[in-house]
Amino acid sequence: MAVITLTSDWGKKDFYRGAVKGAILRQLPEAVIMDISHEIPPFDLNQAAFIIRNFYSNFPEGTIHILGINTEASIESPHTVVFHKGHYFVAADNGIFSLIFDEVPEKIIELDIIQDSDYFTFSTRDVFVKAACHLAAGKPIEELGHRKEKVMVKMAFQPVISADLIKGKVIYVDRYGNAFANISEALFKSTVRNRKFVITFRSPNYRITQISKSYMDVHEGEMLALFSISRYLEIAINRGDASSLLGLKLDTSVLIEVE
Amino acid sequence: MAVITLTSDWGKKDFYRGAVKGAILRQLPEAVIMDISHEIPPFDLNQAAFIIRNFYSNFPEGTIHILGINTEASIESPHTVVFHKGHYFVAADNGIFSLIFDEVPEKIIELDIIQDSDYFTFSTRDVFVKAACHLAAGKPIEELGHRKEKVMVKMAFQPVISADLIKGKVIYVDRYGNAFANISEALFKSTVRNRKFVITFRSPNYRITQISKSYMDVHEGEMLALFSISRYLEIAINRGDASSLLGLKLDTSVLIEVE
Amino acid sequence: MAVITLTSDWGKKDFYRGAVKGAILRQLPEAVIMDISHEIPPFDLNQAAFIIRNFYSNFPEGTIHILGINTEASIESPHTVVFHKGHYFVAADNGIFSLIFDEVPEKIIELDIIQDSDYFTFSTRDVFVKAACHLAAGKPIEELGHRKEKVMVKMAFQPVISADLIKGKVIYVDRYGNAFANISEALFKSTVRNRKFVITFRSPNYRITQISKSYMDVHEGEMLALFSISRYLEIAINRGDASSLLGLKLDTSVLIEVE
């Protein structure tokens, strides 16, 4: 039995999560349901995409990921399931697929599911759950609707690059205050190569000149930079909160200059 | 194997949730446990009842719902399990059943379970789990105690109604800032019928004159009213926070006037 | 199939929890995973230990508890699994075992697991999951590494005791505002015996002279003291928030004087 994961901006207080879990179990009593995060800032597709990019490939192939954010369908953003790199993703095609994947997904099916209820505010329960249970039961994705060639493309803010400079910005801050910039390890390597570099942000005093492998590469309370879990540049303080101590918020500029 | 759901005001930080899950698995290793919400404001039965009303019927029939709020028993509020509309609910009979159901529940059993521990502050683990595991194992509810005819009645604040006016108030605000009033769709329909109406609250500038089916019925940033998931009047802003932007808090008055 | 529990300081928003759950299911598709708490204050071993002490024994024997806090290994704090009182605990040996258990754990195995990834910031996913799945599959703990005789000892702040006085402090505040002091029921009984006593804190007006069995032993809004779930002295207000109303914070002194 395939796993169904839930990622949303519902929060934890309300009944939305409970209603969706119930609806899954009603259709597929033996379903394996995994909460990922329900604390995505309301309506924030960029934050959602960053989280999804970073967890999904840990799950077994065949896992179905329900993306419960901005789920109302419109002509421009129809309910859709995509299959990519062995995983299924059910969402409204509002640009989120383009923010998660660097390529066009392998299969894109616009859902033909007719919902039973007479209102349209809770598509996750009324539409996505049906698609997810269909897939979790091992039935083919093609039966869910009709094939499309493209998803809606929403451009994430891209760093500005020259031969000796990368100018990016913070796109995610985690609970510890670690700040992630939109500078991938691949971009860093292809631009900086083996040359010396300095990472700066906010104040001339904040300078980092090497990439670490572990938070403990520096003393407690010292700052460091690394490409670790996310493969994006992460600025952190060993056992400290880089965001509050260094003023790294969403959209703070981060520069890498080759010397 | 029946599902056991957990709804409480324990919060997420503490060990209460872990202790209850452990106690369930110790008694019934194959139990299927589903977290619903643990973020109900402490001791707030009204908020708890609103959440429970809105999720429970999504689950398969036979599901057992543990209600972990204000669980200490007293002579007036004994530990009780009720069966209603195909579902089981285990709680202290402190009025919560009357806030969840519009009718007297079909079966009401006051629990005769003797708890092992010598203190009485954690009834969910020490009493409710035993009742839930008994039911989840398929054993009859009647074995859990003795039958009663009534539950404690706690009156929710009711709207004031005349031929041309419904005066209600906000009873729930969700994570998005959507505000739910204690005005049901049934009451709205029977009072307003097919006549024109205006919904007002707080300021003469805040006027809504139609019922929507979808948040996207209005432009982003505009307000709307709908009866959707909860079947209670919901005032929302498409992609916005109605509570903070319009000042809709718990107990804010909401008026529906027929024109 | 043994249960695997997750306790951490990851918070709920981020992808860390999702990545770990996915990694478990990828290695052991039939694993039973239970979230305990992910809201431990970042890096706070004392808070983590208090929570773990209080939930773990509720689970069935053989349960594996992954402790995802301060997980980076060093020579002084190697990745370790201990077996104690029928349960397994996987963590970095940074002192947390000594804060959870009053004794040296029965078996201590330093892990020899080589992690696949080339960075060291996410040991829970890259090392602990492997150990946990090994144990959950019923394989022997001895295969995971080499035996040690001791764990790192981190001393929790101990109360000061004389014949007629116990001076402790608040070590944990739960979601309700109940404050737990580092004064165990055993210490209280051996010091106070059957003599009269007074518990004081912060103000001469705050005096409690008996131990309750239930929050409802006092009227709503009144304060009380009890040893209940945690077996540590808990100062509470029936249906109220003792922490905010009485000023009981972490490290607030609590005195018990025998009269």
# chains A, B, ... in the order shown; residues from 1 in each chain; ligands from 1
call {"tool": "closest_atom_pairs", "arguments": {"of": "chain C", "to": "chain B", "cutoff": "8 Å", "atoms": "only C-alpha atoms", "output": "Markdown table"}}
result
| residue | atom | partner | partner_atom | distance |
| --- | --- | --- | --- | --- |
| C:Met34 | CA | B:Lys21 | CA | 7.7 |
| C:Asp35 | CA | B:Gly18 | CA | 7.3 |
| C:Ile36 | CA | B:Gly18 | CA | 4.7 |
| C:Ser37 | CA | B:Lys13 | CA | 5.3 |
| C:His38 | CA | B:Lys13 | CA | 6.7 |
| C:Glu39 | CA | B:Lys13 | CA | 4.7 |
| C:Ile40 | CA | B:Lys13 | CA | 6.1 |
| C:Ile51 | CA | B:Phe15 | CA | 5.1 |
| C:Ile52 | CA | B:Phe15 | CA | 7.2 |
| C:Asn54 | CA | B:Phe15 | CA | 6.3 |
| C:Phe55 | CA | B:Ala19 | CA | 4.5 |
| C:Tyr56 | CA | B:Ala19 | CA | 7.0 |
| C:Ser57 | CA | B:Gly22 | CA | 7.8 |
| C:Asn58 | CA | B:Gly22 | CA | 4.7 |
| C:Phe59 | CA | B:Gly22 | CA | 3.8 |
| C:Pro60 | CA | B:Arg26 | CA | 4.6 |
| C:Asp174 | CA | B:Asp14 | CA | 6.2 |
| C:Arg175 | CA | B:Gly11 | CA | 6.0 |
| C:Tyr176 | CA | B:Pro42 | CA | 6.5 |
| C:Lys213 | CA | B:Tyr119 | CA | 4.9 |
| C:Ser214 | CA | B:Phe120 | CA | 5.1 |
| C:Tyr215 | CA | B:Thr121 | CA | 6.5 |
| C:Met216 | CA | B:Glu72 | CA | 7.5 |
| C:Ser228 | CA | B:Tyr119 | CA | 5.9 |
| C:Ile229 | CA | B:Phe122 | CA | 7.1 |
| C:Arg239 | CA | B:Phe43 | CA | 6.8 |
call {"tool": "select_by_dssp", "arguments": {"residues": "region 92-126 of chain C", "states": "strand (DSSP E or B)", "output": "list in words"}}
result
Ala92, Lys107, Ile108, Ile109, Glu110 and Leu111 of chain C
call {"tool": "residues_around", "arguments": {"residues": "region 80-88 of chain C", "least_positions_apart": "6", "cutoff": "7 Å", "atoms": "only C-alpha atoms", "output": "list of chain:residue names"}}
result
C:Glu61, C:Gly62, C:Thr63, C:Ile64, C:His65, C:Pro105, C:Glu106, C:Lys107, C:Ile108, C:Ile109, C:Glu110, C:Leu111
call {"tool": "write_last_selection", "arguments": {"atoms": "C-alpha atoms", "output": "PDB file, in the first residue's frame"}}
result
ATOM      1  CA  GLU C  61       8.433  -2.770  25.416  1.00  0.00           C
ATOM      2  CA  GLY C  62      10.742  -2.913  22.435  1.00  0.00           C
ATOM      3  CA  THR C  63       9.756   0.529  21.186  1.00  0.00           C
ATOM      4  CA  ILE C  64      12.561   2.524  19.551  1.00  0.00           C
ATOM      5  CA  HIS C  65      12.745   6.199  20.455  1.00  0.00           C
ATOM      6  CA  PRO C 105      21.564   2.354  31.005  1.00  0.00           C
ATOM      7  CA  GLU C 106      21.600  -1.439  30.793  1.00  0.00           C
ATOM      8  CA  LYS C 107      23.240  -1.576  27.335  1.00  0.00           C
ATOM      9  CA  ILE C 108      25.191   1.183  25.627  1.00  0.00           C
ATOM     10  CA  ILE C 109      26.289   0.696  22.019  1.00  0.00           C
ATOM     11  CA  GLU C 110      28.304   3.323  20.187  1.00  0.00           C
ATOM     12  CA  LEU C 111      27.139   3.228  16.578  1.00  0.00           C
TER      13      LEU C 111
END
call {"tool": "atom_distance", "arguments": {"atom1": "CA of Ser8 (chain B)", "atom2": "CA of Ile69 (chain B)"}}
result
5.3 Å
call {"tool": "residues_around", "arguments": {"residues": "region 150-164 of chain C", "least_positions_apart": "2", "cutoff": "7 Å", "atoms": "only C-alpha atoms", "output": "PyMOL selection string"}}
result
chain C and resi 93-95+97-99+104+148+166-168+182-183+191+257-258
call {"tool": "write_last_selection", "arguments": {"atoms": "N, CA, C and O atoms", "output": "mmCIF file, in the first residue's frame"}}
result
data_model
loop_
_atom_site.group_PDB
_atom_site.id
_atom_site.type_symbol
_atom_site.label_atom_id
_atom_site.label_comp_id
_atom_site.auth_asym_id
_atom_site.auth_seq_id
_atom_site.Cartn_x
_atom_site.Cartn_y
_atom_site.Cartn_z
ATOM 1 N N ASP C 93 25.355 10.937 22.143
ATOM 2 C CA ASP C 93 25.574 10.815 23.591
ATOM 3 C C ASP C 93 26.147 12.130 24.123
ATOM 4 O O ASP C 93 27.313 12.240 24.481
ATOM 5 N N ASN C 94 25.277 13.124 24.153
ATOM 6 C CA ASN C 94 25.682 14.482 24.537
ATOM 7 C C ASN C 94 25.264 14.805 25.964
ATOM 8 O O ASN C 94 25.220 15.982 26.354
ATOM 9 N N GLY C 95 24.895 13.789 26.717
ATOM 10 C CA GLY C 95 24.428 13.994 28.077
ATOM 11 C C GLY C 95 22.946 13.700 28.232
ATOM 12 O O GLY C 95 22.436 13.556 29.346
ATOM 13 N N PHE C 97 21.208 11.035 27.715
ATOM 14 C CA PHE C 97 20.853 9.775 28.390
ATOM 15 C C PHE C 97 20.922 9.940 29.912
ATOM 16 O O PHE C 97 20.101 9.407 30.641
ATOM 17 N N SER C 98 21.912 10.688 30.358
ATOM 18 C CA SER C 98 22.051 10.867 31.814
ATOM 19 C C SER C 98 20.939 11.734 32.384
ATOM 20 O O SER C 98 20.599 11.635 33.562
ATOM 21 N N LEU C 99 20.369 12.589 31.539
ATOM 22 C CA LEU C 99 19.261 13.424 32.010
ATOM 23 C C LEU C 99 17.936 12.660 32.010
ATOM 24 O O LEU C 99 17.017 12.998 32.750
ATOM 25 N N VAL C 104 22.829 4.220 35.133
ATOM 26 C CA VAL C 104 23.527 3.940 33.881
ATOM 27 C C VAL C 104 22.650 2.971 33.080
ATOM 28 O O VAL C 104 22.171 1.982 33.623
ATOM 29 N N LYS C 148 29.871 0.074 25.150
ATOM 30 C CA LYS C 148 30.554 0.979 26.077
ATOM 31 C C LYS C 148 29.960 0.776 27.469
ATOM 32 O O LYS C 148 28.878 0.224 27.624
ATOM 33 N N ILE C 166 13.457 21.950 51.502
ATOM 34 C CA ILE C 166 13.878 21.579 50.145
ATOM 35 C C ILE C 166 13.800 22.844 49.316
ATOM 36 O O ILE C 166 12.762 23.506 49.278
ATOM 37 N N LYS C 167 14.889 23.196 48.664
ATOM 38 C CA LYS C 167 14.875 24.363 47.795
ATOM 39 C C LYS C 167 15.147 23.900 46.365
ATOM 40 O O LYS C 167 16.251 23.487 46.029
ATOM 41 N N GLY C 168 14.113 23.954 45.542
ATOM 42 C CA GLY C 168 14.258 23.543 44.156
ATOM 43 C C GLY C 168 13.934 24.676 43.217
ATOM 44 O O GLY C 168 13.918 25.843 43.610
ATOM 45 N N ASN C 182 11.918 20.618 40.193
ATOM 46 C CA ASN C 182 12.834 19.464 40.245
ATOM 47 C C ASN C 182 12.811 18.808 41.624
ATOM 48 O O ASN C 182 13.860 18.474 42.176
ATOM 49 N N ILE C 183 11.620 18.627 42.160
ATOM 50 C CA ILE C 183 11.462 18.021 43.480
ATOM 51 C C ILE C 183 10.593 16.788 43.286
ATOM 52 O O ILE C 183 9.401 16.888 42.999
ATOM 53 N N THR C 191 11.838 13.552 52.938
ATOM 54 C CA THR C 191 12.225 14.734 53.706
ATOM 55 C C THR C 191 11.091 15.194 54.623
ATOM 56 O O THR C 191 11.277 15.454 55.809
ATOM 57 N N GLU C 257 9.126 24.102 53.092
ATOM 58 C CA GLU C 257 9.622 24.194 54.469
ATOM 59 C C GLU C 257 8.750 23.337 55.370
ATOM 60 O O GLU C 257 7.511 23.442 55.331
ATOM 61 N N VAL C 258 9.403 22.502 56.167
ATOM 62 C CA VAL C 258 8.671 21.722 57.158
ATOM 63 C C VAL C 258 8.450 22.627 58.363
ATOM 64 O O VAL C 258 9.352 23.364 58.773
#
call {"tool": "atom_distance", "arguments": {"atom1": "CA of Gly68 (chain C)", "atom2": "CA of Leu6 (chain C)"}}
result
7.2 Å
call {"tool": "residues_around", "arguments": {"residues": "Ile66 (chain A)", "least_positions_apart": "3", "cutoff": "9 Å", "atoms": "only C-alpha atoms", "output": "list of chain:residue names"}}
result
A:Ile4, A:Thr5, A:Leu6, A:Thr7, A:Ser8, A:Tyr88, A:Phe89, A:Val90, A:Ala91, A:Thr124, A:Phe128, A:Val129, A:Ala132
call {"tool": "atom_distance", "arguments": {"atom1": "CA of Asn238 (chain B)", "atom2": "CA of Ser212 (chain B)"}}
result
11.1 Å
call {"tool": "select_by_dssp", "arguments": {"residues": "region 30-252 of chain B", "states": "helix (DSSP H, G or I)", "output": "PyMOL selection string"}}
result
chain B and resi 45-58+96-100+123-136+141-144+185-192+215-217+242-246
